[in-house]
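Here is the file my_file_18.cif (mmCIF, C-alpha atoms).
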data_run
#
loop_
_atom_site.label_atom_id
_atom_site.label_comp_id
_atom_site.auth_asym_id
_atom_site.auth_seq_id
_atom_site.Cartn_x
_atom_site.Cartn_y
_atom_site.Cartn_z
CA MET I 1 -98.14 -26.59 -75.15
CA LYS I 2 -99.51 -29.44 -73.16
CA THR I 3 -100.86 -28.88 -69.65
CA ASN I 4 -100.93 -31.45 -66.92
CA ASN I 5 -104.37 -32.08 -65.67
CA ILE I 6 -103.66 -32.93 -62.01
CA GLN I 7 -106.69 -33.75 -59.94
CA PRO I 8 -106.66 -33.46 -56.13
CA THR I 9 -107.50 -36.71 -54.34
CA THR I 10 -108.55 -37.72 -50.83
CA ASN I 11 -106.64 -40.12 -48.58
CA ASN I 12 -108.22 -43.13 -50.25
CA GLY I 13 -107.32 -41.88 -53.74
CA ALA I 14 -110.86 -40.88 -54.78
CA ILE I 15 -111.50 -37.55 -56.47
CA PRO I 16 -113.23 -35.29 -53.93
CA GLY I 17 -116.68 -33.98 -54.62
CA PRO I 18 -117.86 -30.37 -54.28
CA GLY I 19 -117.34 -28.92 -50.75
CA ALA I 20 -114.85 -31.64 -49.74
CA ARG I 21 -111.90 -30.51 -47.66
CA LEU I 22 -108.43 -31.32 -48.78
CA SER I 23 -105.93 -31.98 -46.04
CA ILE I 24 -102.23 -32.02 -46.55
CA VAL I 25 -101.78 -32.74 -42.83
CA GLY I 26 -104.13 -35.70 -43.07
CA CYS I 27 -102.01 -37.19 -45.83
CA TRP I 28 -98.84 -36.54 -43.84
CA LEU I 29 -100.23 -38.10 -40.64
CA SER I 30 -101.45 -41.16 -42.44
CA ARG I 31 -97.94 -41.96 -43.64
CA GLY I 32 -96.37 -41.66 -40.11
CA PHE I 33 -93.04 -40.24 -38.98
CA THR I 34 -89.68 -40.99 -40.46
CA ALA I 35 -86.80 -42.14 -38.28
CA LEU I 36 -85.05 -38.81 -38.85
CA GLU I 37 -88.09 -36.87 -37.63
CA LEU I 38 -88.29 -39.05 -34.51
CA LEU I 39 -84.57 -38.55 -33.78
CA ILE I 40 -84.85 -34.78 -34.18
CA GLY I 41 -87.86 -34.70 -31.85
CA LEU I 42 -86.06 -36.84 -29.28
CA ALA I 43 -82.96 -34.61 -29.49
CA VAL I 44 -85.07 -31.48 -28.83
CA VAL I 45 -86.74 -33.10 -25.81
CA LEU I 46 -83.38 -34.24 -24.38
CA LEU I 47 -81.87 -30.79 -24.91
CA LEU I 48 -84.73 -29.13 -23.05
CA PHE I 49 -84.39 -31.67 -20.23
CA ALA I 50 -80.64 -31.03 -19.95
CA LEU I 51 -81.14 -27.26 -19.88
CA ALA I 52 -83.71 -27.59 -17.08
CA THR I 53 -81.63 -30.05 -15.01
CA VAL I 54 -78.45 -27.96 -14.64
CA PRO I 55 -80.06 -25.03 -12.77
CA PHE I 56 -82.09 -27.43 -10.64
CA SER I 57 -78.94 -29.33 -9.67
CA SER I 58 -77.18 -26.11 -8.65
CA PHE I 59 -80.25 -24.99 -6.67
CA ARG I 60 -80.46 -28.35 -4.87
CA GLU I 61 -76.76 -28.19 -4.02
CA ALA I 62 -77.18 -24.73 -2.46
CA GLN I 63 -80.25 -25.86 -0.50
CA VAL I 64 -78.47 -28.95 0.86
CA LEU I 65 -75.51 -26.81 1.96
CA ASN I 66 -77.79 -24.26 3.67
CA ALA I 67 -79.74 -27.01 5.42
CA ALA I 68 -76.56 -28.69 6.67
CA ALA I 69 -75.24 -25.38 8.04
CA SER I 70 -78.55 -24.74 9.84
CA GLU I 71 -78.68 -28.26 11.28
CA LEU I 72 -75.09 -28.05 12.51
CA THR I 73 -75.74 -24.65 14.10
CA ALA I 74 -78.82 -26.10 15.81
CA LEU I 75 -76.82 -29.10 17.06
CA LEU I 76 -74.23 -26.77 18.59
CA ALA I 77 -77.02 -24.71 20.21
CA GLU I 78 -78.56 -27.91 21.62
CA ALA I 79 -75.24 -28.98 23.17
CA ARG I 80 -74.70 -25.49 24.63
CA SER I 81 -78.23 -25.44 26.05
CA ALA I 82 -77.72 -28.83 27.73
CA ALA I 83 -74.45 -27.59 29.26
CA VAL I 84 -76.04 -24.34 30.52
CA ALA I 85 -78.84 -26.39 32.09
CA SER I 86 -76.19 -28.71 33.61
CA ARG I 87 -78.25 -31.65 32.43
CA ASP I 88 -77.05 -34.78 34.28
CA SER I 89 -74.40 -32.54 35.94
CA SER I 90 -72.30 -32.76 32.81
CA GLU I 91 -70.70 -30.73 30.06
CA TYR I 92 -71.78 -31.32 26.46
CA GLY I 93 -70.07 -30.96 23.11
CA VAL I 94 -70.01 -31.60 19.38
CA HIS I 95 -67.36 -33.65 17.58
CA PHE I 96 -66.57 -32.93 13.88
CA GLU I 97 -65.42 -35.31 11.16
CA GLU I 98 -65.38 -34.96 7.38
CA SER I 99 -68.76 -36.62 6.79
CA ARG I 100 -70.52 -36.37 10.16
CA THR I 101 -70.87 -34.55 13.46
CA VAL I 102 -71.61 -36.13 16.83
CA TYR I 103 -73.35 -34.57 19.84
CA PHE I 104 -71.79 -36.04 22.99
CA LYS I 105 -71.94 -35.88 26.77
CA GLY I 106 -68.82 -35.20 28.83
CA THR I 107 -65.58 -33.30 28.52
CA SER I 108 -64.29 -35.33 25.56
CA PHE I 109 -65.67 -37.34 22.67
CA VAL I 110 -65.72 -41.12 23.25
CA GLU I 111 -67.00 -43.68 20.81
CA PRO I 112 -68.96 -45.87 21.09
CA SER I 113 -71.38 -44.34 23.55
CA ALA I 114 -75.09 -44.94 23.90
CA PHE I 115 -75.55 -41.25 24.57
CA ASN I 116 -73.91 -39.97 21.36
CA LYS I 117 -76.22 -38.50 18.74
CA GLU I 118 -74.78 -38.61 15.21
CA MET I 119 -75.69 -36.23 12.40
CA ALA I 120 -74.49 -37.62 9.06
CA LEU I 121 -73.94 -35.03 6.34
CA ASP I 122 -75.52 -35.36 2.92
CA ARG I 123 -73.24 -37.17 0.45
CA ALA I 124 -72.90 -33.93 -1.54
CA ILE I 125 -71.45 -32.03 1.46
CA GLU I 126 -68.24 -32.38 3.47
CA ILE I 127 -66.54 -30.61 6.34
CA SER I 128 -63.53 -29.13 4.59
CA SER I 129 -61.96 -27.19 7.45
CA ILE I 130 -62.00 -27.34 11.25
CA ALA I 131 -60.21 -24.33 12.75
CA LEU I 132 -60.84 -24.42 16.49
CA GLN I 133 -58.78 -22.87 19.27
CA GLY I 134 -56.42 -25.58 20.48
CA GLY I 135 -56.54 -27.43 17.15
CA GLY I 136 -58.99 -30.19 18.08
CA ASN I 137 -62.12 -31.53 16.45
CA ASP I 138 -64.42 -30.99 19.44
CA VAL I 139 -66.32 -28.02 20.84
CA VAL I 140 -67.10 -28.59 24.53
CA PHE I 141 -69.44 -26.22 26.38
CA GLU I 142 -68.96 -25.43 30.07
CA MET I 143 -71.73 -26.08 32.58
CA LEU I 144 -73.82 -23.08 33.67
CA THR I 145 -72.12 -20.50 31.38
CA GLY I 146 -72.18 -22.33 28.04
CA GLU I 147 -68.81 -20.82 27.17
CA THR I 148 -66.15 -22.77 25.34
CA ASN I 149 -62.38 -22.79 25.07
CA ASP I 150 -62.78 -24.48 21.67
CA TYR I 151 -64.13 -21.50 19.74
CA GLY I 152 -63.40 -21.01 16.07
CA ALA I 153 -64.87 -21.96 12.70
CA VAL I 154 -65.99 -25.05 10.82
CA THR I 155 -66.40 -24.86 7.05
CA LEU I 156 -68.86 -26.95 5.07
CA ARG I 157 -68.19 -27.36 1.35
CA SER I 158 -70.09 -28.74 -1.59
CA LYS I 159 -68.26 -31.67 -3.19
CA GLY I 160 -69.65 -30.78 -6.62
CA ASN I 161 -68.65 -27.12 -6.47
CA THR I 162 -65.78 -26.60 -4.02
CA ALA I 163 -66.15 -22.83 -4.29
CA ARG I 164 -69.56 -23.08 -2.60
CA THR I 165 -69.03 -23.06 1.20
CA LYS I 166 -70.78 -22.20 4.46
CA THR I 167 -68.86 -21.30 7.60
CA ILE I 168 -70.20 -22.03 11.09
CA THR I 169 -68.58 -19.79 13.68
CA VAL I 170 -68.53 -20.64 17.38
CA ALA I 171 -67.78 -17.63 19.60
CA ARG I 172 -65.97 -17.80 22.95
CA THR I 173 -69.38 -17.33 24.57
CA GLY I 174 -70.50 -20.58 22.91
CA VAL I 175 -72.98 -18.94 20.57
CA ALA I 176 -72.89 -20.50 17.10
CA SER I 177 -73.90 -18.84 13.84
CA HIS I 178 -73.42 -19.42 10.13
CA ASP I 179 -73.03 -17.16 7.11
#

The structure in this file should be written as structure tokens.
Amino acid sequence: MKTNNIQPTTNNGAIPGPGARLSIVGCWLSRGFTALELLIGLAVVLLLFALATVPFSSFREAQVLNAAASELTALLAEARSAAVASRDSSEYGVHFEESRTVYFKGTSFVEPSAFNKEMALDRAIEISSIALQGGGNDVVFEMLTGETNDYGAVTLRSKGNTARTKTITVARTGVASHD
């Protein structure tokens, strides 16, 4: 029976001396990566990125919707406050459209007006429903009392997930709140 006499070698092919360290990893690193190994590594990185992006996208969507509801509630409160203070001896209101709201002075919305203050909604959000008493798109607050005949609800909706909504409610007293 013949035995193979295989001698370990170093990276440069020389036979190592006593106390030399053999390194399989060193040999492997010196030859580089194959295309298949690079593709597998890239696929793992892309998979991890995709898994991290989905929850972040959903979180951002919820945050944008919450922020829009808060801003719209604040805009309604600002208009009511101006009406209660009878600023410039006028009533004040908020006009609603699908992609924006407008703070205005007077008993009805007129455009263009130098006084109007527009709040554009984020592209990911839309006003999906305007259900005000009388069927209009405006909430007008009365001077001194801040009450409104245009009470009701306005619903904001995420365009990416139409099940995700926020409802802004305006009471007869003019006080606005959101869920």

- request: Tell me which of I:Arg87, I:Arg164, I:Arg60, I:Lys105 sits closest to Asp122 in chain I, counting only C-alpha atoms.
  value: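 Ranked by minimum distance to Asp122 in chain I, first place goes to I:Arg60.
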
task: May I have the residues at most 6 Å from (-67.8, -32.9, 21.1) in the file's coordinates, counting only C-alpha atoms, as number ranges by chain?
output: I: 93-95, 103-104, 109, 138-140

- prompt: What's the 9 Å shell around Ala69 in chain I, counting only C-alpha atoms, without same-chain residues fewer than 5 positions away, as a list in words?
  reply: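 Contacts, with the query itself left out: Val64, Ala74, Thr155, Leu156, Lys166, Thr167, Ile168, Ser177, His178 and Asp179 of chain I.
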
- request: Apply the PyMOL selection byres ((chain I and resi 79) around 7) to the structure shown and report the selected residues as a PyMOL selection string.
  value: chain I and resi 75-78+80-83+92-94+103

message: I'd like the contact shell of Gly136 in chain I - 12 Å cut-off, only C-alpha atoms, skipping same-chain residues fewer than 5 positions apart - returned as a VMD selection string.
response: chain I and resid 94 to 97 108 to 109 129 to 131 149 to 154

Would you pick out the contacts of Ala171 in chain I at 8 Å or less, using only C-alpha atoms, so that residues sharing its chain but fewer than 2 positions from it are not included, and give the list as an mmCIF file with C-alpha atoms, in the coordinates of the input?
data_model
loop_
_atom_site.group_PDB
_atom_site.id
_atom_site.type_symbol
_atom_site.label_atom_id
_atom_site.label_comp_id
_atom_site.auth_asym_id
_atom_site.auth_seq_id
_atom_site.Cartn_x
_atom_site.Cartn_y
_atom_site.Cartn_z
ATOM 1 C CA THR I 148 -66.150 -22.770 25.340
ATOM 2 C CA TYR I 151 -64.130 -21.500 19.740
ATOM 3 C CA GLY I 152 -63.400 -21.010 16.070
ATOM 4 C CA THR I 169 -68.580 -19.790 13.680
ATOM 5 C CA THR I 173 -69.380 -17.330 24.570
ATOM 6 C CA GLY I 174 -70.500 -20.580 22.910
ATOM 7 C CA VAL I 175 -72.980 -18.940 20.570
ATOM 8 C CA ALA I 176 -72.890 -20.500 17.100
#

message: For a quick check of understanding, using all atoms listed in the file, which of I:Gln133, I:Thr73, I:Thr145, I:Thr107 has the smallest distance to Glu91 in chain I?
response: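 Of I:Gln133, I:Thr73, I:Thr145, I:Thr107, the one nearest Glu91 in chain I, counting all atoms listed in the file, is I:Thr107.
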
task: Check the smallest atom-to-atom distance from each of I:Leu48, I:Leu132, I:Ile125, I:Val170 to Leu65 in chain I using only C-alpha atoms, then report the winner.
output: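 Answer, going by the shortest atom-to-atom distance: I:Ile125.
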
- request: Kindly give the distance, in Å, that separates CA of Ala50 in chain I and CA of Glu126 in chain I, rounded to a single decimal.
  value: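 If I compute the distance from CA of Ala50 in chain I to CA of Glu126 in chain I, I get 26.5 Å.
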
query: Quick one: which residues end up in the PyMOL selection byres ((chain I and resi 99) around 7) for this structure, as a PyMOL selection string?
result: chain I and resi 97-98+100+120-121+126-127

- prompt: Which is closer to Met143 in chain I than all the others in I:Asn116, I:Asn66, I:Ser90, I:Ser57, using all atoms listed in the file?
  reply: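 Among the listed residues, the smallest separation from Met143 in chain I belongs to I:Ser90.
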
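Note that the spacing between CA of Glu61 in chain I and CA of Thr101 in chain I amounts to 19.5 Å.
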
- prompt: CA of Arg123 in chain I and CA of Ala163 in chain I are how many Å apart?
  reply: 16.7 Å

Mind giving me the axis-aligned box for range 115-126 of chain I with 4 Å on every side, centre plus edges in Å to one decimal, as JSON?
{"center_x": -72.2, "center_y": -36.6, "center_z": 11.5, "size_x": 16.0, "size_y": 17.2, "size_z": 34.1}
